[in-house]
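So this block is start33.txt, compact mmCIF, C-alpha atoms and all ligand atoms:
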# COMPACT_ATOMS: atom_id res chain seq x y z
CA MET Z 10 -12.54 -87.63 -67.09
CA THR Z 11 -14.39 -85.47 -64.57
CA ARG Z 12 -17.97 -84.31 -64.89
CA GLU Z 13 -18.27 -80.69 -63.73
CA PRO Z 14 -21.34 -78.66 -62.70
CA ASP Z 15 -23.30 -77.79 -65.82
CA LEU Z 16 -22.72 -74.64 -67.82
CA PRO Z 17 -25.52 -72.25 -68.78
CA GLY Z 18 -27.79 -73.08 -71.70
CA ASP Z 19 -28.02 -76.89 -71.46
CA PHE Z 20 -24.32 -77.51 -72.00
CA HIS Z 21 -22.66 -80.37 -70.13
CA LEU Z 22 -19.03 -79.78 -69.23
CA HIS Z 23 -16.29 -82.41 -69.18
CA ARG Z 24 -13.07 -80.81 -67.98
CA LEU Z 25 -9.67 -82.41 -68.50
CA ASP Z 26 -6.21 -81.49 -67.24
CA ALA Z 27 -4.72 -82.27 -70.64
CA VAL Z 28 -5.73 -83.97 -73.89
CA ASP Z 29 -4.33 -84.30 -77.40
CA SER Z 30 -7.02 -82.00 -78.83
CA THR Z 31 -10.44 -81.15 -77.43
CA ASN Z 32 -11.81 -81.47 -80.99
CA ALA Z 33 -10.38 -84.98 -81.27
CA GLU Z 34 -11.87 -85.87 -77.88
CA ALA Z 35 -15.27 -84.43 -78.83
CA LYS Z 36 -15.19 -86.46 -82.08
CA ARG Z 37 -14.36 -89.66 -80.15
CA ARG Z 38 -17.29 -88.94 -77.83
CA ALA Z 39 -19.56 -88.19 -80.82
CA ALA Z 40 -18.72 -91.64 -82.21
CA GLN Z 41 -19.77 -93.13 -78.84
CA GLY Z 42 -23.13 -91.33 -79.02
CA ALA Z 43 -22.49 -88.30 -76.78
CA PRO Z 44 -25.44 -85.88 -76.89
CA ASP Z 45 -25.88 -82.37 -78.25
CA GLY Z 46 -24.47 -79.86 -75.76
CA THR Z 47 -21.43 -81.92 -74.70
CA VAL Z 48 -18.52 -79.55 -73.97
CA ILE Z 49 -14.92 -80.71 -73.65
CA GLN Z 50 -12.54 -78.27 -71.99
CA ALA Z 51 -8.85 -78.94 -71.33
CA ASP Z 52 -6.30 -76.92 -69.37
CA ALA Z 53 -3.71 -77.81 -72.04
CA GLN Z 54 -3.54 -79.67 -75.36
CA THR Z 55 -0.62 -81.77 -76.54
CA ALA Z 56 -1.68 -81.77 -80.21
CA GLY Z 57 -3.95 -78.74 -80.60
CA ARG Z 58 -5.03 -78.18 -84.19
CA GLY Z 59 -5.87 -75.05 -86.16
CA ARG Z 60 -7.45 -74.50 -89.57
CA GLN Z 61 -5.81 -75.90 -92.69
CA GLY Z 62 -3.78 -78.47 -90.78
CA ARG Z 63 -1.85 -75.91 -88.75
CA ALA Z 64 -0.84 -76.56 -85.13
CA TRP Z 65 -2.43 -74.58 -82.26
CA ASP Z 66 0.04 -74.07 -79.41
CA SER Z 67 -1.83 -74.89 -76.22
CA PRO Z 68 0.04 -74.24 -72.95
CA PRO Z 69 -1.92 -73.89 -69.68
CA GLY Z 70 -3.64 -70.56 -69.04
CA ASN Z 71 -5.79 -70.26 -72.16
CA LEU Z 72 -9.24 -71.59 -73.07
CA TYR Z 73 -9.35 -74.76 -75.17
CA CYS Z 74 -12.84 -76.13 -75.66
CA SER Z 75 -14.96 -78.04 -78.12
CA LEU Z 76 -18.72 -78.07 -78.28
CA LEU Z 77 -20.52 -81.07 -79.76
CA LEU Z 78 -23.82 -80.33 -81.50
CA ARG Z 79 -26.31 -82.59 -83.29
CA PRO Z 80 -27.90 -79.90 -85.47
CA ASP Z 81 -29.87 -82.14 -87.91
CA CYS Z 82 -29.09 -79.97 -90.93
CA ALA Z 83 -27.24 -80.05 -94.25
CA PRO Z 84 -23.44 -79.53 -94.18
CA GLY Z 85 -23.82 -76.17 -96.00
CA VAL Z 86 -25.99 -74.91 -93.15
CA ALA Z 87 -23.62 -76.17 -90.43
CA VAL Z 88 -20.96 -73.75 -91.75
CA GLN Z 89 -23.12 -70.93 -90.39
CA ALA Z 90 -22.32 -72.14 -86.87
CA GLY Z 91 -18.79 -70.78 -87.25
CA PHE Z 92 -20.16 -67.23 -87.48
CA LEU Z 93 -22.53 -67.85 -84.56
CA THR Z 94 -19.55 -69.08 -82.56
CA ALA Z 95 -17.54 -65.98 -83.44
CA LEU Z 96 -20.38 -63.76 -82.18
CA ALA Z 97 -20.69 -65.71 -78.92
CA ALA Z 98 -16.93 -65.73 -78.38
CA GLY Z 99 -16.77 -62.03 -79.28
CA GLU Z 100 -19.37 -61.20 -76.63
CA ALA Z 101 -17.55 -63.31 -74.03
CA VAL Z 102 -14.25 -61.61 -74.83
CA ALA Z 103 -15.76 -58.09 -74.84
CA ARG Z 104 -17.31 -58.73 -71.41
CA HIS Z 105 -13.79 -59.16 -69.98
CA LEU Z 106 -12.08 -56.21 -71.72
CA PRO Z 107 -12.08 -52.46 -71.18
CA PRO Z 108 -14.76 -50.83 -73.38
CA GLU Z 109 -12.22 -48.98 -75.54
CA VAL Z 110 -10.71 -52.22 -76.85
CA ALA Z 111 -12.13 -53.01 -80.30
CA VAL Z 112 -13.37 -56.58 -80.82
CA GLN Z 113 -13.73 -57.54 -84.48
CA TYR Z 114 -14.44 -60.65 -86.55
CA LYS Z 115 -11.99 -61.73 -89.23
CA TRP Z 116 -13.28 -63.95 -92.01
CA PRO Z 117 -13.87 -66.78 -91.81
CA ASN Z 118 -13.82 -67.43 -88.06
CA ASP Z 119 -11.13 -65.48 -86.21
CA LEU Z 120 -11.56 -62.98 -83.43
CA LEU Z 121 -9.38 -59.85 -83.23
CA VAL Z 122 -8.76 -57.41 -80.39
CA ASP Z 123 -7.33 -54.10 -81.56
CA GLY Z 124 -6.40 -55.86 -84.82
CA ALA Z 125 -4.53 -58.82 -83.26
CA LYS Z 126 -5.79 -62.42 -83.25
CA VAL Z 127 -7.08 -63.44 -79.82
CA ALA Z 128 -9.11 -66.53 -80.78
CA GLY Z 129 -9.60 -69.12 -83.49
CA ILE Z 130 -12.38 -71.52 -84.34
CA LEU Z 131 -12.16 -74.97 -85.93
CA LEU Z 132 -15.37 -76.60 -87.22
CA GLU Z 133 -15.50 -80.31 -88.04
CA THR Z 134 -18.51 -82.33 -89.17
CA GLY Z 135 -19.50 -85.98 -89.49
CA ILE Z 136 -22.06 -86.77 -92.16
CA ASP Z 137 -24.62 -89.59 -91.94
CA LYS Z 138 -25.77 -91.94 -94.72
CA THR Z 139 -28.51 -89.54 -95.84
CA GLY Z 140 -26.00 -86.70 -96.32
CA LYS Z 141 -27.11 -84.80 -93.21
CA VAL Z 142 -24.84 -83.67 -90.38
CA ASP Z 143 -24.58 -86.41 -87.74
CA TRP Z 144 -22.33 -84.33 -85.49
CA LEU Z 145 -20.75 -80.90 -85.54
CA VAL Z 146 -17.73 -80.19 -83.36
CA ILE Z 147 -16.93 -76.52 -82.78
CA GLY Z 148 -13.44 -76.04 -81.40
CA LEU Z 149 -12.59 -72.68 -79.84
CA GLY Z 150 -9.24 -71.49 -78.59
CA ILE Z 151 -9.10 -68.14 -76.78
CA ASN Z 152 -5.78 -66.63 -75.72
CA VAL Z 153 -6.58 -65.72 -72.13
CA ALA Z 154 -3.16 -65.41 -70.47
CA TRP Z 155 -0.69 -66.28 -73.25
CA HIS Z 156 -0.36 -65.55 -76.96
CA PRO Z 157 2.16 -66.94 -79.45
CA PRO Z 158 5.01 -64.46 -79.86
CA ASP Z 159 6.19 -65.76 -83.24
CA ALA Z 160 3.02 -66.16 -85.33
CA PRO Z 161 3.08 -64.75 -88.89
CA TYR Z 162 0.35 -62.25 -87.86
CA PRO Z 163 -0.22 -60.05 -84.78
CA THR Z 164 -1.58 -61.95 -81.78
CA ALA Z 165 -3.00 -60.87 -78.42
CA SER Z 166 -4.27 -62.29 -75.16
CA LEU Z 167 -7.06 -61.00 -72.95
CA VAL Z 168 -4.57 -60.23 -70.18
CA ALA Z 169 -2.29 -58.28 -72.56
CA ALA Z 170 -5.35 -56.40 -73.88
CA GLY Z 171 -6.25 -55.22 -70.36
CA ALA Z 172 -8.50 -57.92 -68.88
CA ASP Z 173 -8.55 -58.10 -65.10
CA GLU Z 174 -9.37 -61.16 -63.00
CA VAL Z 175 -10.02 -63.33 -66.03
CA SER Z 176 -9.95 -67.13 -66.17
CA ALA Z 177 -10.56 -69.73 -68.86
CA ALA Z 178 -13.54 -71.05 -66.84
CA GLY Z 179 -15.11 -67.58 -66.63
CA VAL Z 180 -14.69 -66.97 -70.36
CA LEU Z 181 -16.14 -70.42 -71.14
CA ALA Z 182 -19.25 -69.74 -69.03
CA ALA Z 183 -19.78 -66.35 -70.75
CA TYR Z 184 -19.25 -67.95 -74.18
CA CYS Z 185 -21.76 -70.75 -73.53
CA ALA Z 186 -24.37 -68.29 -72.25
CA SER Z 187 -24.02 -66.16 -75.42
CA PHE Z 188 -23.91 -69.24 -77.63
CA ALA Z 189 -27.25 -70.45 -76.24
CA VAL Z 190 -28.87 -67.08 -77.05
CA TRP Z 191 -27.46 -66.96 -80.60
CA ARG Z 192 -28.39 -70.57 -81.22
CA ARG Z 193 -32.04 -69.81 -80.32
CA ARG Z 194 -31.99 -66.87 -82.77
CA TRP Z 195 -30.46 -69.12 -85.43
CA ARG Z 196 -33.21 -71.71 -84.97
CA GLU Z 197 -35.95 -69.09 -85.00
CA PHE Z 198 -34.77 -66.62 -87.65
CA GLY Z 199 -32.08 -68.44 -89.64
CA PHE Z 200 -28.67 -67.05 -90.61
CA GLU Z 201 -29.66 -63.45 -91.43
CA PRO Z 202 -29.41 -61.93 -87.89
CA ILE Z 203 -26.08 -63.71 -87.42
CA ARG Z 204 -24.81 -62.47 -90.78
CA ARG Z 205 -25.83 -58.89 -89.97
CA ALA Z 206 -24.28 -58.89 -86.47
CA TRP Z 207 -21.07 -60.41 -87.83
CA LEU Z 208 -20.84 -57.87 -90.70
CA ALA Z 209 -21.36 -54.97 -88.26
CA LYS Z 210 -17.96 -55.76 -86.71
CA ALA Z 211 -16.18 -57.43 -89.62
CA SER Z 212 -12.53 -56.56 -90.11
CA GLY Z 213 -11.78 -55.31 -93.66
CA ILE Z 214 -15.37 -55.00 -94.86
CA GLY Z 215 -15.58 -52.45 -97.70
CA LYS Z 216 -11.78 -52.32 -97.90
CA THR Z 217 -9.22 -53.76 -100.30
CA VAL Z 218 -7.94 -57.11 -99.03
CA ARG Z 219 -5.72 -59.94 -100.23
CA VAL Z 220 -7.21 -63.41 -100.11
CA ARG Z 221 -4.81 -66.35 -100.13
CA LEU Z 222 -6.41 -69.45 -101.65
CA GLU Z 223 -4.85 -72.88 -101.98
CA ASN Z 224 -3.35 -72.15 -105.41
CA GLU Z 225 -3.71 -68.42 -106.01
CA GLU Z 226 -3.87 -65.06 -104.30
CA LEU Z 227 -6.57 -62.51 -105.16
CA THR Z 228 -6.88 -58.81 -104.38
CA GLY Z 229 -10.18 -56.96 -104.29
CA ILE Z 230 -12.77 -55.28 -102.13
CA PHE Z 231 -14.31 -57.35 -99.36
CA ALA Z 232 -17.86 -56.50 -100.44
CA ASP Z 233 -20.13 -58.85 -98.51
CA LEU Z 234 -20.77 -62.12 -96.71
CA ASP Z 235 -23.20 -64.28 -98.66
CA PRO Z 236 -26.05 -66.32 -97.10
CA GLY Z 237 -23.80 -69.39 -97.08
CA GLY Z 238 -21.01 -67.59 -95.17
CA ALA Z 239 -18.78 -67.14 -98.24
CA LEU Z 240 -16.74 -63.95 -98.64
CA ILE Z 241 -17.74 -61.89 -101.70
CA LEU Z 242 -14.71 -60.25 -103.28
CA GLU Z 243 -15.04 -57.57 -105.97
CA THR Z 244 -11.95 -57.61 -108.15
CA ALA Z 245 -10.54 -54.69 -110.15
CA ALA Z 246 -11.84 -56.46 -113.30
CA GLY Z 247 -15.36 -56.05 -111.91
CA GLU Z 248 -15.81 -59.74 -111.12
CA ARG Z 249 -17.63 -60.81 -107.95
CA ARG Z 250 -15.79 -63.88 -106.63
CA ARG Z 251 -17.40 -66.11 -104.02
CA ILE Z 252 -14.68 -67.43 -101.68
CA SER Z 253 -15.54 -70.28 -99.33
CA ALA Z 254 -12.05 -71.10 -97.97
CA GLY Z 255 -8.89 -69.04 -97.62
CA ASP Z 256 -7.00 -66.51 -95.51
CA VAL Z 257 -7.63 -62.77 -95.63
CA PHE Z 258 -5.00 -60.05 -95.12
CA PRO Z 259 -5.04 -56.26 -95.42
CA ALA Z 260 -3.95 -55.28 -98.97
CA ALA Z 261 -0.90 -53.35 -97.75
CA ALA Z 262 0.47 -56.15 -95.51
C1 LIG X 301 -7.47 -71.48 -86.13
O1 LIG X 301 -7.53 -70.28 -85.95
O2 LIG X 301 -6.68 -71.99 -86.94
C2 LIG X 301 -8.39 -72.38 -85.34
C3 LIG X 301 -7.84 -72.71 -83.99
C4 LIG X 301 -8.74 -73.61 -83.17
C5 LIG X 301 -8.08 -74.04 -81.88
C6 LIG X 301 -9.03 -74.75 -80.97
S1 LIG X 301 -8.36 -74.99 -79.36
C7 LIG X 301 -9.68 -76.06 -78.96
C8 LIG X 301 -9.96 -76.90 -80.17
N1 LIG X 301 -9.09 -78.07 -80.18
C9 LIG X 301 -8.23 -78.04 -81.19
O3 LIG X 301 -7.36 -78.92 -81.41
N2 LIG X 301 -8.40 -76.95 -81.93
C10 LIG X 301 -9.48 -76.13 -81.41
Will you turn the file into structure tokens for me?
Amino acid sequence: MTREPDLPGDFHLHRLDAVDSTNAEAKRRAAQGAPDGTVIQADAQTAGRGRQGRAWDSPPGNLYCSLLLRPDCAPGVAVQAGFLTALAAGEAVARHLPPEVAVQYKWPNDLLVDGAKVAGILLETGIDKTGKVDWLVIGLGINVAWHPPDAPYPTASLVAAGADEVSAAGVLAAYCASFAVWRRRWREFGFEPIRRAWLAKASGIGKTVRVRLENEELTGIFADLDPGGALILETAAGERRRISAGDVFPAAA
């Protein structure tokens, strides 16, 4: 493993040619006592993982990174970091794209450009004996040069969306710089500024959406994001359902 020059915002980069999964590597390092701010980046992953046990195809050319934090908080609070990550990744992506390209957040933690998925986030936590978070690993995959052609939803890459002169290293540096700023806001003001910034560019907000849960599918209006990061769905029966895990799709799709 090589130790690279440090990233902005007190992050310490460990760059690898290839690894099974940067999340798995960050978790191994967490178990060995690696500090807050450890960043694992790989040029390729042989067993990249997505949410809900899905695989994340990881050929060279894209950004695969995992950030290890020691946030000293309850697990319910750590969930908020996914939205903070989406904001930081969204800013990094927008910095590399023409201004007319729309960058949006898709609940819970995806990033869209012009409606197509360009990035995904995978949060994993380890809990200590007192019930607090011992470590939080935030995995981020950004399609820089390549995007999967056969996914069950539209996908995009930064290059396909019009980015010029873009590299995984450049996007990582921009992401870490934004992450440091949002993390300071989170510490100082809590989740509310993150929630508001995320909602301002949320895909499907105020619209009818389908939400696929483990055992059922619901349709309703995506009304809000609650203080715990759950999606609030208003059903036709007038119920307000609080959804904490699932996949969201436009109602017509
Ligand atoms: C998703 O949208 O399902 C989440 C995808 C997360 C992929 C990233 S790539 C870097 C890190 N390592 C992994 O194995 N997964 C995450």
Notebook entry, point to check: Between Z:Leu121, Z:Ala128, Z:Val168, Z:Ala40, which is the closest to ligand LIG 301 (chain X) once you count all atoms listed in the file?
Noted result: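 Between Z:Leu121, Z:Ala128, Z:Val168, Z:Ala40, the residue approaching ligand LIG 301 (chain X) most closely is Z:Ala128.
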Next item on the list: Could you report the residues within 8 Å of ligand LIG 301 (chain X), using only C-alpha atoms and all ligand atoms, as a ChimeraX atom specification?
Entry: /Z:29-33,50,54,56-61,63-65,67,72-75,118-119,128-131,147-151
Notebook entry, point to check: Between Z:Glu109, Z:Asp52, Z:Phe188, Z:Ser166, which is the closest to Thr94 in chain Z once you count all atoms listed in the file?
Noted result: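 Using all atoms listed in the file, Thr94 in chain Z sits closest to Z:Phe188.
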Notebook entry, point to check: CA of Ala189 in chain Z and CA of Gly18 in chain Z are how many Å apart?
Noted result: 5.3 Å
Next item on the list: May I ask for the distance between CA of Asp26 in chain Z and CA of Ala51 in chain Z, given in Å to one decimal place?
Entry: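 Taking CA of Asp26 in chain Z and CA of Ala51 in chain Z, their separation equals 5.5 Å.
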Margin query: Ranking Z:Arg249, Z:Lys126, Z:Arg37, Z:Lys115 by minimum distance to Trp144 in chain Z and counting only C-alpha atoms, which one comes first?
Written below: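 Checking each candidate against Trp144 in chain Z, we get Z:Arg37 as the closest.
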Reconstruct all heavy atoms of range 74-85 of chain Z; output as an mmCIF file, in the coordinates of the input.
data_model
loop_
_atom_site.group_PDB
_atom_site.id
_atom_site.type_symbol
_atom_site.label_atom_id
_atom_site.label_comp_id
_atom_site.auth_asym_id
_atom_site.auth_seq_id
_atom_site.Cartn_x
_atom_site.Cartn_y
_atom_site.Cartn_z
ATOM 1 N N CYS Z 74 -11.586 -75.408 -75.859
ATOM 2 C CA CYS Z 74 -12.840 -76.130 -75.660
ATOM 3 C C CYS Z 74 -13.437 -76.542 -76.990
ATOM 4 O O CYS Z 74 -13.145 -75.935 -78.032
ATOM 5 C CB CYS Z 74 -13.835 -75.285 -74.863
ATOM 6 S SG CYS Z 74 -14.445 -73.850 -75.736
ATOM 7 N N SER Z 75 -14.242 -77.586 -76.940
ATOM 8 C CA SER Z 75 -14.960 -78.040 -78.120
ATOM 9 C C SER Z 75 -16.380 -78.369 -77.708
ATOM 10 O O SER Z 75 -16.610 -79.016 -76.686
ATOM 11 C CB SER Z 75 -14.310 -79.280 -78.733
ATOM 12 O OG SER Z 75 -13.005 -78.967 -79.159
ATOM 13 N N LEU Z 76 -17.301 -77.901 -78.540
ATOM 14 C CA LEU Z 76 -18.720 -78.070 -78.280
ATOM 15 C C LEU Z 76 -19.260 -79.054 -79.318
ATOM 16 O O LEU Z 76 -19.019 -78.869 -80.519
ATOM 17 C CB LEU Z 76 -19.364 -76.691 -78.418
ATOM 18 C CG LEU Z 76 -20.857 -76.530 -78.440
ATOM 19 C CD1 LEU Z 76 -21.476 -77.162 -77.215
ATOM 20 C CD2 LEU Z 76 -21.172 -75.033 -78.470
ATOM 21 N N LEU Z 77 -19.928 -80.084 -78.853
ATOM 22 C CA LEU Z 77 -20.520 -81.070 -79.760
ATOM 23 C C LEU Z 77 -22.007 -80.754 -79.934
ATOM 24 O O LEU Z 77 -22.745 -80.662 -78.951
ATOM 25 C CB LEU Z 77 -20.352 -82.480 -79.155
ATOM 26 C CG LEU Z 77 -21.149 -83.611 -79.803
ATOM 27 C CD1 LEU Z 77 -20.741 -83.830 -81.259
ATOM 28 C CD2 LEU Z 77 -20.972 -84.902 -79.011
ATOM 29 N N LEU Z 78 -22.405 -80.570 -81.198
ATOM 30 C CA LEU Z 78 -23.820 -80.330 -81.500
ATOM 31 C C LEU Z 78 -24.323 -81.440 -82.426
ATOM 32 O O LEU Z 78 -23.552 -82.042 -83.175
ATOM 33 C CB LEU Z 78 -24.023 -78.985 -82.201
ATOM 34 C CG LEU Z 78 -23.588 -77.719 -81.471
ATOM 35 C CD1 LEU Z 78 -23.958 -76.485 -82.299
ATOM 36 C CD2 LEU Z 78 -24.207 -77.620 -80.089
ATOM 37 N N ARG Z 79 -25.627 -81.660 -82.372
ATOM 38 C CA ARG Z 79 -26.310 -82.590 -83.290
ATOM 39 C C ARG Z 79 -27.371 -81.765 -84.010
ATOM 40 O O ARG Z 79 -28.562 -81.849 -83.672
ATOM 41 C CB ARG Z 79 -26.974 -83.721 -82.503
ATOM 42 C CG ARG Z 79 -26.035 -84.499 -81.575
ATOM 43 C CD ARG Z 79 -25.416 -85.653 -82.280
ATOM 44 N NE ARG Z 79 -24.691 -86.531 -81.365
ATOM 45 C CZ ARG Z 79 -23.942 -87.539 -81.816
ATOM 46 N NH1 ARG Z 79 -23.805 -87.769 -83.122
ATOM 47 N NH2 ARG Z 79 -23.308 -88.312 -80.965
ATOM 48 N N PRO Z 80 -26.977 -80.916 -84.973
ATOM 49 C CA PRO Z 80 -27.900 -79.900 -85.470
ATOM 50 C C PRO Z 80 -28.956 -80.389 -86.469
ATOM 51 O O PRO Z 80 -29.860 -79.638 -86.807
ATOM 52 C CB PRO Z 80 -26.978 -78.874 -86.128
ATOM 53 C CG PRO Z 80 -25.755 -79.633 -86.514
ATOM 54 C CD PRO Z 80 -25.628 -80.783 -85.553
ATOM 55 N N ASP Z 81 -28.860 -81.619 -86.979
ATOM 56 C CA ASP Z 81 -29.870 -82.140 -87.910
ATOM 57 C C ASP Z 81 -30.074 -81.191 -89.096
ATOM 58 O O ASP Z 81 -31.179 -80.696 -89.332
ATOM 59 C CB ASP Z 81 -31.198 -82.362 -87.153
ATOM 60 C CG ASP Z 81 -32.202 -83.092 -88.027
ATOM 61 O OD1 ASP Z 81 -31.780 -83.884 -88.894
ATOM 62 O OD2 ASP Z 81 -33.423 -82.855 -87.874
ATOM 63 N N CYS Z 82 -29.004 -80.888 -89.788
ATOM 64 C CA CYS Z 82 -29.090 -79.970 -90.930
ATOM 65 C C CYS Z 82 -28.115 -80.419 -92.019
ATOM 66 O O CYS Z 82 -27.335 -81.362 -91.816
ATOM 67 C CB CYS Z 82 -28.773 -78.533 -90.489
ATOM 68 S SG CYS Z 82 -27.064 -78.297 -89.974
ATOM 69 N N ALA Z 83 -28.164 -79.745 -93.158
ATOM 70 C CA ALA Z 83 -27.240 -80.050 -94.250
ATOM 71 C C ALA Z 83 -25.860 -79.460 -93.927
ATOM 72 O O ALA Z 83 -25.776 -78.453 -93.214
ATOM 73 C CB ALA Z 83 -27.769 -79.442 -95.544
ATOM 74 N N PRO Z 84 -24.783 -80.054 -94.472
ATOM 75 C CA PRO Z 84 -23.440 -79.530 -94.180
ATOM 76 C C PRO Z 84 -23.286 -78.047 -94.526
ATOM 77 O O PRO Z 84 -22.616 -77.306 -93.796
ATOM 78 C CB PRO Z 84 -22.527 -80.396 -95.067
ATOM 79 C CG PRO Z 84 -23.289 -81.654 -95.303
ATOM 80 C CD PRO Z 84 -24.751 -81.294 -95.279
ATOM 81 N N GLY Z 85 -23.918 -77.591 -95.597
ATOM 82 C CA GLY Z 85 -23.820 -76.170 -96.000
ATOM 83 C C GLY Z 85 -24.389 -75.237 -94.944
ATOM 84 O O GLY Z 85 -23.955 -74.091 -94.819
#
